[in-house]
$ cat coords02.tsv   # TSV, C-alpha atoms and all ligand atoms
chain	number	residue	atom	x	y	z
K	11	MET	CA	-50.09	26.44	-2.91
K	12	VAL	CA	-46.87	24.63	-3.66
K	13	GLN	CA	-47.58	21.03	-2.72
K	14	LEU	CA	-45.02	18.72	-4.27
K	15	VAL	CA	-46.10	15.77	-6.37
K	16	ASP	CA	-44.82	12.23	-5.97
K	17	SER	CA	-42.29	12.48	-8.80
K	18	ASP	CA	-40.61	15.55	-7.18
K	19	ILE	CA	-39.73	13.59	-4.03
K	20	ARG	CA	-36.77	11.19	-3.68
K	21	THR	CA	-36.55	10.94	0.12
K	22	ARG	CA	-39.52	8.67	0.36
K	23	GLU	CA	-39.57	8.22	4.14
K	24	VAL	CA	-41.31	11.58	4.64
K	25	LEU	CA	-44.39	10.27	2.85
K	26	ALA	CA	-45.11	8.19	5.97
K	27	TRP	CA	-44.82	11.12	8.44
K	28	LYS	CA	-48.14	11.77	10.21
K	29	GLY	CA	-49.16	15.10	11.73
K	30	VAL	CA	-47.41	18.46	11.26
K	31	HIS	CA	-43.64	18.29	10.66
K	32	VAL	CA	-41.43	21.28	9.90
K	33	LEU	CA	-37.92	21.16	8.44
K	34	HIS	CA	-36.30	24.45	9.37
K	35	PHE	CA	-33.25	26.29	10.70
K	36	ALA	CA	-33.25	28.42	13.86
K	37	GLY	CA	-31.64	31.49	12.28
K	38	SER	CA	-33.43	31.39	8.91
K	39	SER	CA	-35.83	34.30	8.42
K	40	CYS	CA	-38.41	32.25	6.50
K	41	SER	CA	-38.31	29.55	9.18
K	42	GLN	CA	-38.71	32.18	11.89
K	43	LYS	CA	-41.77	33.54	10.09
K	44	LEU	CA	-43.36	30.09	9.97
K	45	ARG	CA	-42.49	29.30	13.61
K	46	VAL	CA	-43.97	32.60	14.83
K	47	TYR	CA	-47.10	31.80	12.83
K	48	LEU	CA	-47.31	28.30	14.37
K	49	ASN	CA	-46.89	29.80	17.86
K	50	LEU	CA	-49.66	32.34	17.28
K	51	LYS	CA	-51.98	29.63	15.98
K	52	GLY	CA	-51.10	27.14	18.72
K	53	ILE	CA	-50.52	24.37	16.18
K	54	PRO	CA	-48.44	21.49	17.61
K	55	TRP	CA	-45.58	20.45	15.29
K	56	GLN	CA	-42.54	18.24	15.16
K	57	SER	CA	-39.19	19.87	14.55
K	58	HIS	CA	-36.58	18.65	12.04
K	59	PRO	CA	-33.63	21.05	12.14
K	60	VAL	CA	-31.64	21.51	8.92
K	61	ASP	CA	-28.22	23.09	9.52
K	62	LEU	CA	-27.81	25.79	6.86
K	63	PRO	CA	-24.29	26.90	7.90
K	64	LYS	CA	-23.23	23.25	7.44
K	65	ASN	CA	-25.07	23.20	4.07
K	66	GLU	CA	-27.25	20.26	5.05
K	67	ASN	CA	-29.84	21.76	2.74
K	68	MET	CA	-27.55	21.02	-0.20
K	69	GLN	CA	-27.21	17.32	0.65
K	70	PRO	CA	-29.10	14.61	-1.27
K	71	TRP	CA	-31.37	13.75	1.69
K	72	PHE	CA	-32.81	17.25	1.97
K	73	LEU	CA	-32.89	17.88	-1.79
K	74	GLY	CA	-34.89	14.65	-1.98
K	75	ILE	CA	-37.55	16.42	0.10
K	76	ASN	CA	-37.35	19.96	-1.31
K	77	PRO	CA	-35.75	20.00	-4.78
K	78	ARG	CA	-35.17	23.76	-4.26
K	79	GLY	CA	-32.99	23.06	-1.22
K	80	LEU	CA	-34.68	25.78	0.83
K	81	VAL	CA	-36.19	25.87	4.30
K	82	PRO	CA	-38.79	25.83	5.64
K	83	VAL	CA	-40.62	22.72	4.44
K	84	LEU	CA	-43.89	21.46	5.85
K	85	VAL	CA	-44.79	17.78	5.78
K	86	HIS	CA	-48.44	17.41	6.76
K	87	ASP	CA	-49.75	13.85	6.90
K	88	GLY	CA	-47.21	12.79	4.28
K	89	ALA	CA	-47.88	15.72	1.90
K	90	VAL	CA	-44.85	17.93	1.26
K	91	HIS	CA	-45.36	21.69	1.02
K	92	ILE	CA	-42.65	24.23	0.22
K	93	GLU	CA	-42.45	28.05	0.18
K	94	SER	CA	-43.07	29.67	3.56
K	95	ASN	CA	-45.93	31.90	2.45
K	96	ASP	CA	-47.72	29.07	0.68
K	97	ILE	CA	-47.25	26.89	3.75
K	98	ILE	CA	-48.81	29.60	5.93
K	99	GLN	CA	-51.78	30.02	3.59
K	100	TYR	CA	-52.24	26.24	3.44
K	101	LEU	CA	-52.18	25.98	7.26
K	102	GLU	CA	-54.59	28.90	7.60
K	103	ALA	CA	-57.14	26.97	5.55
K	104	LYS	CA	-56.57	23.77	7.59
K	105	PHE	CA	-56.47	25.46	11.02
K	106	PRO	CA	-58.77	28.48	10.67
K	107	THR	CA	-58.72	29.76	14.27
K	108	PRO	CA	-57.45	32.14	15.50
K	109	ARG	CA	-57.66	33.88	12.14
K	110	LEU	CA	-54.45	35.49	10.90
K	111	ILE	CA	-55.75	36.13	7.39
K	112	PRO	CA	-58.98	38.15	7.63
K	113	ALA	CA	-61.98	36.46	6.01
K	114	GLY	CA	-62.52	37.71	2.46
K	115	TYR	CA	-58.94	39.01	2.15
K	116	GLU	CA	-57.29	35.73	1.09
K	117	ASN	CA	-56.41	36.91	-2.44
K	118	GLU	CA	-55.22	40.30	-1.29
K	119	VAL	CA	-53.00	38.70	1.37
K	120	ALA	CA	-51.64	36.20	-1.18
K	121	ARG	CA	-50.67	39.11	-3.44
K	122	LEU	CA	-49.01	41.04	-0.62
K	123	LEU	CA	-47.10	37.97	0.61
K	124	LYS	CA	-45.88	37.29	-2.93
K	125	HIS	CA	-44.56	40.86	-3.01
K	126	GLU	CA	-42.78	40.27	0.32
K	127	ASP	CA	-41.23	37.05	-1.01
K	128	ASP	CA	-39.97	38.87	-4.12
K	129	LEU	CA	-37.63	40.79	-1.79
K	130	HIS	CA	-36.15	37.69	-0.22
K	131	LEU	CA	-32.89	37.71	-2.16
K	132	ASP	CA	-32.45	41.37	-1.26
K	133	LEU	CA	-32.80	40.41	2.38
K	134	ARG	CA	-30.28	37.62	1.85
K	135	THR	CA	-27.82	40.03	0.23
K	136	LEU	CA	-28.00	42.43	3.18
K	137	SER	CA	-27.88	39.56	5.69
K	138	PHE	CA	-24.73	38.08	4.20
K	139	ARG	CA	-23.09	41.47	3.78
K	140	PHE	CA	-23.89	42.98	7.19
K	141	VAL	CA	-24.95	40.18	9.56
K	142	PHE	CA	-23.31	36.87	8.62
K	143	ALA	CA	-20.32	38.29	6.71
K	144	PRO	CA	-18.59	34.97	5.96
K	145	PRO	CA	-14.83	35.31	5.40
K	146	GLY	CA	-14.91	33.30	2.13
K	147	PRO	CA	-17.52	32.24	-0.45
K	148	PRO	CA	-20.85	31.82	1.36
K	149	LYS	CA	-21.29	28.35	-0.17
K	150	PRO	CA	-18.18	26.19	-0.63
K	151	ALA	CA	-17.79	24.82	-4.16
K	152	ALA	CA	-18.41	21.23	-2.96
K	153	ALA	CA	-21.76	22.18	-1.39
K	154	LEU	CA	-22.81	23.97	-4.55
K	155	GLU	CA	-21.78	21.00	-6.69
K	156	SER	CA	-23.92	18.75	-4.49
K	157	TYR	CA	-26.79	21.22	-4.82
K	158	ILE	CA	-26.53	21.24	-8.60
K	159	ALA	CA	-26.21	17.45	-8.89
K	160	ASN	CA	-28.91	16.27	-6.49
K	161	GLY	CA	-32.69	16.31	-6.18
K	162	THR	CA	-35.16	15.90	-9.00
K	163	GLY	CA	-34.93	19.59	-9.97
K	164	THR	CA	-38.69	19.54	-10.50
K	165	VAL	CA	-41.52	21.22	-8.64
K	166	GLN	CA	-45.02	19.93	-9.34
K	167	GLY	CA	-43.51	17.80	-12.08
K	168	LEU	CA	-41.99	20.72	-13.99
K	169	SER	CA	-38.33	21.67	-14.37
K	170	ASP	CA	-37.76	24.28	-11.65
K	171	HIS	CA	-36.45	27.69	-12.67
K	172	GLU	CA	-36.14	28.75	-8.99
K	173	LYS	CA	-33.24	26.35	-8.46
K	174	GLN	CA	-31.34	28.06	-11.28
K	175	ILE	CA	-31.93	31.44	-9.62
K	176	GLN	CA	-30.45	30.07	-6.39
K	177	ILE	CA	-27.42	28.64	-8.22
K	178	GLU	CA	-26.76	31.95	-9.96
K	179	PHE	CA	-27.11	33.84	-6.65
K	180	TRP	CA	-24.47	31.69	-4.92
K	181	GLN	CA	-22.14	31.58	-7.94
K	182	ARG	CA	-22.17	35.35	-8.24
K	183	ALA	CA	-21.62	35.72	-4.48
K	184	ALA	CA	-18.59	33.40	-4.73
K	185	LYS	CA	-17.20	35.50	-7.57
K	186	GLU	CA	-17.81	39.05	-6.43
K	187	GLY	CA	-19.06	38.86	-2.80
K	188	PHE	CA	-21.89	41.14	-1.72
K	189	THR	CA	-20.80	44.40	-3.29
K	190	ASP	CA	-21.63	47.96	-2.23
K	191	ASP	CA	-23.69	48.41	-5.40
K	192	ARG	CA	-25.83	45.36	-4.76
K	193	ALA	CA	-26.22	46.14	-1.06
K	194	ARG	CA	-27.24	49.73	-1.85
K	195	ALA	CA	-29.79	48.62	-4.45
K	196	SER	CA	-31.32	46.13	-2.00
K	197	ALA	CA	-31.40	48.64	0.85
K	198	LEU	CA	-33.15	51.21	-1.37
K	199	LYS	CA	-35.89	48.72	-2.21
K	200	PHE	CA	-36.52	48.17	1.49
K	201	ARG	CA	-36.53	51.91	2.14
K	202	ALA	CA	-39.39	52.34	-0.34
K	203	GLU	CA	-41.30	49.43	1.20
K	204	PHE	CA	-40.85	50.58	4.77
K	205	ASP	CA	-41.79	54.18	3.85
K	206	ALA	CA	-45.14	52.82	2.68
K	207	LEU	CA	-45.55	50.60	5.76
K	208	ASP	CA	-44.66	53.55	8.00
K	209	ARG	CA	-47.48	55.60	6.49
K	210	LYS	CA	-49.90	52.74	7.21
K	211	LEU	CA	-48.68	52.30	10.76
K	212	SER	CA	-49.06	56.04	11.43
K	213	ARG	CA	-52.83	55.48	11.06
K	214	GLN	CA	-53.41	51.97	12.45
K	215	PRO	CA	-51.83	49.55	14.95
K	216	TYR	CA	-51.25	46.66	12.52
K	217	LEU	CA	-50.56	46.38	8.81
K	218	MET	CA	-54.10	45.27	7.98
K	219	GLY	CA	-55.89	47.54	10.44
K	220	ASN	CA	-56.81	46.78	14.03
K	221	GLU	CA	-55.91	43.09	14.13
K	222	LEU	CA	-52.62	41.26	13.92
K	223	SER	CA	-52.24	39.30	10.64
K	224	VAL	CA	-49.71	37.21	8.75
K	225	LEU	CA	-48.47	40.43	7.12
K	226	ASP	CA	-47.29	41.69	10.51
K	227	VAL	CA	-45.50	38.40	11.06
K	228	ALA	CA	-43.82	38.47	7.65
K	229	TRP	CA	-42.69	42.10	7.79
K	230	LEU	CA	-41.59	41.94	11.42
K	231	ILE	CA	-39.18	39.18	10.44
K	232	TYR	CA	-37.71	41.38	7.69
K	233	GLU	CA	-37.57	44.37	10.04
K	234	HIS	CA	-35.80	42.30	12.65
K	235	ARG	CA	-33.11	40.98	10.31
K	236	LEU	CA	-32.54	44.41	8.79
K	237	SER	CA	-32.22	45.90	12.29
K	238	LEU	CA	-29.46	43.37	12.96
K	239	ALA	CA	-27.85	44.52	9.72
K	240	GLY	CA	-27.83	48.10	11.05
K	241	TYR	CA	-30.80	49.51	9.12
K	242	PRO	CA	-31.77	52.73	10.99
K	243	PHE	CA	-35.48	52.08	11.53
K	244	ALA	CA	-35.94	54.46	14.49
K	245	ARG	CA	-34.61	57.36	12.41
K	246	LEU	CA	-36.16	56.56	9.00
K	247	HIS	CA	-39.42	54.82	9.89
K	248	PRO	CA	-40.43	55.66	13.50
K	249	HIS	CA	-43.89	54.07	13.29
K	250	VAL	CA	-42.40	50.82	11.95
K	251	HIS	CA	-39.85	50.95	14.76
K	252	ALA	CA	-42.52	51.37	17.47
K	253	TRP	CA	-44.69	48.58	15.94
K	254	ALA	CA	-41.68	46.27	15.75
K	255	GLU	CA	-40.57	46.93	19.32
K	256	LYS	CA	-44.04	45.96	20.55
K	257	LEU	CA	-44.25	42.78	18.46
K	258	ARG	CA	-40.69	41.71	19.24
K	259	ALA	CA	-41.55	41.66	22.94
K	260	ALA	CA	-44.59	39.36	22.49
K	261	PRO	CA	-43.75	35.76	23.51
K	262	ALA	CA	-44.79	34.20	20.16
K	263	PHE	CA	-42.19	36.41	18.42
K	264	ALA	CA	-39.55	36.68	21.15
K	265	LYS	CA	-39.15	32.90	21.27
K	266	GLU	CA	-38.17	32.66	17.59
K	267	ILE	CA	-36.06	35.69	16.82
K	268	GLY	CA	-32.75	36.90	18.03
K	269	GLN	CA	-30.83	33.71	17.33
K	270	LEU	CA	-27.76	34.77	15.44
K	271	ARG	CA	-25.25	32.40	13.92
K	272	HIS	CA	-22.44	33.95	15.91
K	273	GLY	CA	-21.59	34.82	19.48
K	274	PRO	CA	-19.51	37.84	20.53
K	275	ALA	CA	-16.37	36.54	18.76
K	276	GLY	CA	-18.34	36.07	15.55
K	277	LEU	CA	-19.76	39.55	15.84
K	278	ASP	CA	-16.22	40.90	15.97
K	279	ALA	CA	-15.50	39.04	12.74
K	280	VAL	CA	-18.58	40.65	11.19
K	281	ARG	CA	-17.38	44.12	12.19
K	282	ARG	CA	-13.95	43.41	10.70
K	283	ALA	CA	-15.53	42.09	7.49
K	284	GLN	CA	-17.60	45.26	7.21
K	285	ALA	CA	-14.32	47.16	7.30
K	286	GLY	CA	-15.93	50.18	8.89
K	287	LYS	CA	-18.61	50.41	6.20
K	288	THR	CA	-22.02	50.18	7.82
K	289	LEU	CA	-25.28	49.63	5.97
K	290	GLU	CA	-26.09	53.30	6.53
K	291	MET	CA	-22.86	54.36	4.85
K	292	VAL	CA	-23.16	51.95	1.93
K	293	ALA	CA	-26.82	52.79	1.31
K	294	GLY	CA	-26.32	56.54	1.85
K	295	PHE	CA	-29.08	56.66	4.48
W	301	LIG	N1	-39.27	31.75	-1.07
W	301	LIG	C1	-38.75	30.84	-0.10
W	301	LIG	C2	-37.40	31.30	0.34
W	301	LIG	C3	-36.77	30.28	1.26
W	301	LIG	C4	-35.32	30.60	1.54
W	301	LIG	O1	-34.61	31.25	0.75
W	301	LIG	N2	-34.87	30.08	2.67
W	301	LIG	C5	-33.51	30.29	3.05
W	301	LIG	C6	-33.41	30.52	4.53
W	301	LIG	S1	-34.30	31.97	5.01
W	301	LIG	C7	-32.68	29.07	2.70
W	301	LIG	O2	-33.16	27.96	2.78
W	301	LIG	N3	-31.45	29.32	2.26
W	301	LIG	C8	-30.60	28.28	1.82
W	301	LIG	C9	-29.16	28.53	2.12
W	301	LIG	O3	-28.83	29.49	2.83
W	301	LIG	O4	-28.37	27.73	1.63
W	301	LIG	C10	-39.71	30.71	1.08
W	301	LIG	O5	-40.40	31.68	1.39
W	301	LIG	O6	-39.77	29.63	1.67
$ encode --input "coords02.tsv" --output "structure tokens"
Amino acid sequence: MVQLVDSDIRTREVLAWKGVHVLHFAGSSCSQKLRVYLNLKGIPWQSHPVDLPKNENMQPWFLGINPRGLVPVLVHDGAVHIESNDIIQYLEAKFPTPRLIPAGYENEVARLLKHEDDLHLDLRTLSFRFVFAPPGPPKPAAALESYIANGTGTVQGLSDHEKQIQIEFWQRAAKEGFTDDRARASALKFRAEFDALDRKLSRQPYLMGNELSVLDVAWLIYEHRLSLAGYPFARLHPHVHAWAEKLRAAPAFAKEIGQLRHGPAGLDAVRRAQAGKTLEMVAGF
């Protein structure tokens, strides 16, 4: 669990928030995962949107809540929790029904969710290259300077290495963009993952067997974003494709996914930025 300690937090007003509050962004994959989870659980929550395209997450107010500058964040009765998968596991313990982590499988699920989170920057690389495709640096220098300068830079009282990883990600993106080599490497990682998930889904309806679990929620969100990026699921992983089509149609999922940052004009810009090179071509799929 990543519950922040008092010394990590500069925006003190959140310490007085009662009930379940979520700071999130509509189009953020990790926020979507948490919102789908909240829908499935039927947990009432108060929404605090954080505009990522406007870099609100790099402003002092938000960094005073999450020193990592990432969404989603949960504030539950004044306690601040970060990291989407930790938030979900925390909520599962607080609101046990309906169960989305099977009893006795808590450690196994924690391990599998950690593995999913390890691929998050790969998802971000493919999202920025093939879905968002910003015309310039994805984070303007001023936003990045604010990110570097603000917040305590600590998580649970310790200097936070994760913030440095984020800084390096955005600095490299500003310098070289999201290159073919990086996009290919990220896509290949997902191909290996989805090959394994496809084998599972050829034998069972959900990733943990016969019941829906948080793993289905987490991987559906990845599948959905990668589909938007042009990843050919139907051709490469037909069982994943069929599972995803079913989940996507369920109201708890449908309500949260499908919001893109851009309308039809933006999509045209994405196509131009891709310069005729689709994910399939770059990855060699
Ligand atoms: N490991 C984190 C990753 C969170 C993350 O990277 N969130 C993204 C949105 S999906 C974000 O806040 N990005 C900041 C930005 O785009 O500036 C989690 O699971 O919560």
$ atom_distance --input "coords02.tsv" --atom1 "atom CA of K:Leu73" --atom2 "atom CA of K:Thr21"
8.1 Å
$ atom_distance --input "coords02.tsv" --atom1 "atom CA of K:Gly286" --atom2 "atom CA of K:His251"
24.6 Å
$ closest_residue --input "coords02.tsv" --among "K:Gln56, K:Gly114, K:Tyr157, K:Ala143" --to "K:Trp71" --atoms "all atoms listed in the file"
K:Tyr157
$ axis_aligned_box --input "coords02.tsv" --around "stretch 11-21 of chain K" --padding-each-side "6 Å" --output "JSON"
{"center_x": -43.3, "center_y": 18.7, "center_z": -4.3, "size_x": 25.5, "size_y": 27.5, "size_z": 20.9}
$ residues_near_ligand --input "coords02.tsv" --ligand "ligand LIG 301 (chain W)" --cutoff "6 Å" --atoms "all atoms listed in the file" --output "list in words"
Ser38, Ser39, Cys40, Leu62, Leu80, Val81, Pro82, Glu93, Ser94, Asn95 and Asp127 of chain K
$ residues_around --input "coords02.tsv" --residues "stretch 204-218 of chain K" --least-positions-apart "5" --cutoff "7 Å" --atoms "only C-alpha atoms" --output "JSON, numbers by chain"
{"K": [223, 225, 226, 247, 249, 250]}
$ atom_distance --input "coords02.tsv" --atom1 "atom CA of K:Ile97" --atom2 "atom CA of K:Val85"
9.7 Å
$ decode --input "coords02.tsv" --residues "stretch 80-106 of chain K" --atoms "N, CA, C and O atoms" --output "PDB file, in the first residue's frame"
ATOM      1  N   LEU K  80       1.228  12.140 -10.398  1.00  0.00           N
ATOM      2  CA  LEU K  80       0.487  11.191 -11.238  1.00  0.00           C
ATOM      3  C   LEU K  80      -0.940  11.022 -10.742  1.00  0.00           C
ATOM      4  O   LEU K  80      -1.196  11.123  -9.534  1.00  0.00           O
ATOM      5  N   VAL K  81      -1.848  10.756 -11.686  1.00  0.00           N
ATOM      6  CA  VAL K  81      -3.203  10.359 -11.314  1.00  0.00           C
ATOM      7  C   VAL K  81      -3.354   8.867 -11.593  1.00  0.00           C
ATOM      8  O   VAL K  81      -2.643   8.340 -12.438  1.00  0.00           O
ATOM      9  N   PRO K  82      -4.235   8.189 -10.878  1.00  0.00           N
ATOM     10  CA  PRO K  82      -5.187   8.717  -9.907  1.00  0.00           C
ATOM     11  C   PRO K  82      -4.594   8.824  -8.500  1.00  0.00           C
ATOM     12  O   PRO K  82      -3.546   8.235  -8.209  1.00  0.00           O
ATOM     13  N   VAL K  83      -5.310   9.595  -7.672  1.00  0.00           N
ATOM     14  CA  VAL K  83      -5.014   9.667  -6.235  1.00  0.00           C
ATOM     15  C   VAL K  83      -6.332   9.436  -5.511  1.00  0.00           C
ATOM     16  O   VAL K  83      -7.378   9.932  -5.943  1.00  0.00           O
ATOM     17  N   LEU K  84      -6.263   8.679  -4.439  1.00  0.00           N
ATOM     18  CA  LEU K  84      -7.437   8.481  -3.579  1.00  0.00           C
ATOM     19  C   LEU K  84      -7.210   9.231  -2.274  1.00  0.00           C
ATOM     20  O   LEU K  84      -6.119   9.121  -1.685  1.00  0.00           O
ATOM     21  N   VAL K  85      -8.210  10.009  -1.863  1.00  0.00           N
ATOM     22  CA  VAL K  85      -8.179  10.553  -0.500  1.00  0.00           C
ATOM     23  C   VAL K  85      -9.369   9.932   0.221  1.00  0.00           C
ATOM     24  O   VAL K  85     -10.516  10.135  -0.177  1.00  0.00           O
ATOM     25  N   HIS K  86      -9.085   9.112   1.206  1.00  0.00           N
ATOM     26  CA  HIS K  86     -10.150   8.429   1.948  1.00  0.00           C
ATOM     27  C   HIS K  86     -10.106   8.873   3.400  1.00  0.00           C
ATOM     28  O   HIS K  86      -9.139   8.576   4.104  1.00  0.00           O
ATOM     29  N   ASP K  87     -11.128   9.608   3.792  1.00  0.00           N
ATOM     30  CA  ASP K  87     -11.183  10.150   5.164  1.00  0.00           C
ATOM     31  C   ASP K  87      -9.860  10.828   5.544  1.00  0.00           C
ATOM     32  O   ASP K  87      -9.297  10.567   6.625  1.00  0.00           O
ATOM     33  N   GLY K  88      -9.366  11.654   4.632  1.00  0.00           N
ATOM     34  CA  GLY K  88      -8.175  12.457   4.914  1.00  0.00           C
ATOM     35  C   GLY K  88      -6.850  11.726   4.731  1.00  0.00           C
ATOM     36  O   GLY K  88      -5.789  12.338   4.862  1.00  0.00           O
ATOM     37  N   ALA K  89      -6.894  10.421   4.402  1.00  0.00           N
ATOM     38  CA  ALA K  89      -5.645   9.687   4.150  1.00  0.00           C
ATOM     39  C   ALA K  89      -5.405   9.653   2.641  1.00  0.00           C
ATOM     40  O   ALA K  89      -6.330   9.353   1.869  1.00  0.00           O
ATOM     41  N   VAL K  90      -4.179   9.974   2.232  1.00  0.00           N
ATOM     42  CA  VAL K  90      -3.873  10.075   0.801  1.00  0.00           C
ATOM     43  C   VAL K  90      -3.172   8.799   0.329  1.00  0.00           C
ATOM     44  O   VAL K  90      -2.139   8.404   0.886  1.00  0.00           O
ATOM     45  N   HIS K  91      -3.768   8.184  -0.703  1.00  0.00           N
ATOM     46  CA  HIS K  91      -3.199   6.957  -1.270  1.00  0.00           C
ATOM     47  C   HIS K  91      -2.871   7.213  -2.735  1.00  0.00           C
ATOM     48  O   HIS K  91      -3.689   7.795  -3.456  1.00  0.00           O
ATOM     49  N   ILE K  92      -1.699   6.743  -3.165  1.00  0.00           N
ATOM     50  CA  ILE K  92      -1.317   6.884  -4.571  1.00  0.00           C
ATOM     51  C   ILE K  92      -1.083   5.488  -5.158  1.00  0.00           C
ATOM     52  O   ILE K  92      -1.093   4.501  -4.423  1.00  0.00           O
ATOM     53  N   GLU K  93      -0.871   5.448  -6.476  1.00  0.00           N
ATOM     54  CA  GLU K  93      -0.635   4.214  -7.233  1.00  0.00           C
ATOM     55  C   GLU K  93      -1.951   3.451  -7.397  1.00  0.00           C
ATOM     56  O   GLU K  93      -2.492   2.882  -6.440  1.00  0.00           O
ATOM     57  N   SER K  94      -2.433   3.406  -8.640  1.00  0.00           N
ATOM     58  CA  SER K  94      -3.768   2.856  -8.905  1.00  0.00           C
ATOM     59  C   SER K  94      -3.945   1.438  -8.356  1.00  0.00           C
ATOM     60  O   SER K  94      -4.988   1.129  -7.765  1.00  0.00           O
ATOM     61  N   ASN K  95      -2.946   0.589  -8.540  1.00  0.00           N
ATOM     62  CA  ASN K  95      -3.131  -0.794  -8.091  1.00  0.00           C
ATOM     63  C   ASN K  95      -3.143  -0.895  -6.569  1.00  0.00           C
ATOM     64  O   ASN K  95      -3.873  -1.717  -6.008  1.00  0.00           O
ATOM     65  N   ASP K  96      -2.353  -0.069  -5.918  1.00  0.00           N
ATOM     66  CA  ASP K  96      -2.378  -0.062  -4.446  1.00  0.00           C
ATOM     67  C   ASP K  96      -3.697   0.479  -3.936  1.00  0.00           C
ATOM     68  O   ASP K  96      -4.230   0.001  -2.937  1.00  0.00           O
ATOM     69  N   ILE K  97      -4.207   1.491  -4.638  1.00  0.00           N
ATOM     70  CA  ILE K  97      -5.507   2.071  -4.253  1.00  0.00           C
ATOM     71  C   ILE K  97      -6.586   0.989  -4.343  1.00  0.00           C
ATOM     72  O   ILE K  97      -7.409   0.819  -3.435  1.00  0.00           O
ATOM     73  N   ILE K  98      -6.571   0.241  -5.448  1.00  0.00           N
ATOM     74  CA  ILE K  98      -7.579  -0.810  -5.642  1.00  0.00           C
ATOM     75  C   ILE K  98      -7.461  -1.867  -4.540  1.00  0.00           C
ATOM     76  O   ILE K  98      -8.472  -2.296  -3.959  1.00  0.00           O
ATOM     77  N   GLN K  99      -6.247  -2.267  -4.214  1.00  0.00           N
ATOM     78  CA  GLN K  99      -6.081  -3.301  -3.180  1.00  0.00           C
ATOM     79  C   GLN K  99      -6.497  -2.763  -1.802  1.00  0.00           C
ATOM     80  O   GLN K  99      -7.073  -3.484  -0.982  1.00  0.00           O
ATOM     81  N   TYR K 100      -6.227  -1.480  -1.568  1.00  0.00           N
ATOM     82  CA  TYR K 100      -6.654  -0.853  -0.312  1.00  0.00           C
ATOM     83  C   TYR K 100      -8.187  -0.848  -0.232  1.00  0.00           C
ATOM     84  O   TYR K 100      -8.782  -1.231   0.779  1.00  0.00           O
ATOM     85  N   LEU K 101      -8.845  -0.428  -1.337  1.00  0.00           N
ATOM     86  CA  LEU K 101     -10.311  -0.347  -1.333  1.00  0.00           C
ATOM     87  C   LEU K 101     -10.932  -1.737  -1.191  1.00  0.00           C
ATOM     88  O   LEU K 101     -11.971  -1.900  -0.542  1.00  0.00           O
ATOM     89  N   GLU K 102     -10.291  -2.720  -1.802  1.00  0.00           N
ATOM     90  CA  GLU K 102     -10.832  -4.089  -1.722  1.00  0.00           C
ATOM     91  C   GLU K 102     -10.874  -4.566  -0.271  1.00  0.00           C
ATOM     92  O   GLU K 102     -11.814  -5.244   0.140  1.00  0.00           O
ATOM     93  N   ALA K 103      -9.874  -4.170   0.500  1.00  0.00           N
ATOM     94  CA  ALA K 103      -9.866  -4.559   1.919  1.00  0.00           C
ATOM     95  C   ALA K 103     -10.942  -3.783   2.691  1.00  0.00           C
ATOM     96  O   ALA K 103     -11.573  -4.321   3.597  1.00  0.00           O
ATOM     97  N   LYS K 104     -11.158  -2.512   2.315  1.00  0.00           N
ATOM     98  CA  LYS K 104     -12.143  -1.677   3.036  1.00  0.00           C
ATOM     99  C   LYS K 104     -13.581  -1.987   2.625  1.00  0.00           C
ATOM    100  O   LYS K 104     -14.497  -1.827   3.412  1.00  0.00           O
ATOM    101  N   PHE K 105     -13.758  -2.341   1.347  1.00  0.00           N
ATOM    102  CA  PHE K 105     -15.117  -2.598   0.810  1.00  0.00           C
ATOM    103  C   PHE K 105     -15.094  -3.997   0.184  1.00  0.00           C
ATOM    104  O   PHE K 105     -14.962  -4.126  -1.035  1.00  0.00           O
ATOM    105  N   PRO K 106     -15.221  -5.031   1.001  1.00  0.00           N
ATOM    106  CA  PRO K 106     -14.937  -6.391   0.489  1.00  0.00           C
ATOM    107  C   PRO K 106     -15.963  -6.962  -0.499  1.00  0.00           C
ATOM    108  O   PRO K 106     -15.629  -7.907  -1.201  1.00  0.00           O
TER     109      PRO K 106
END
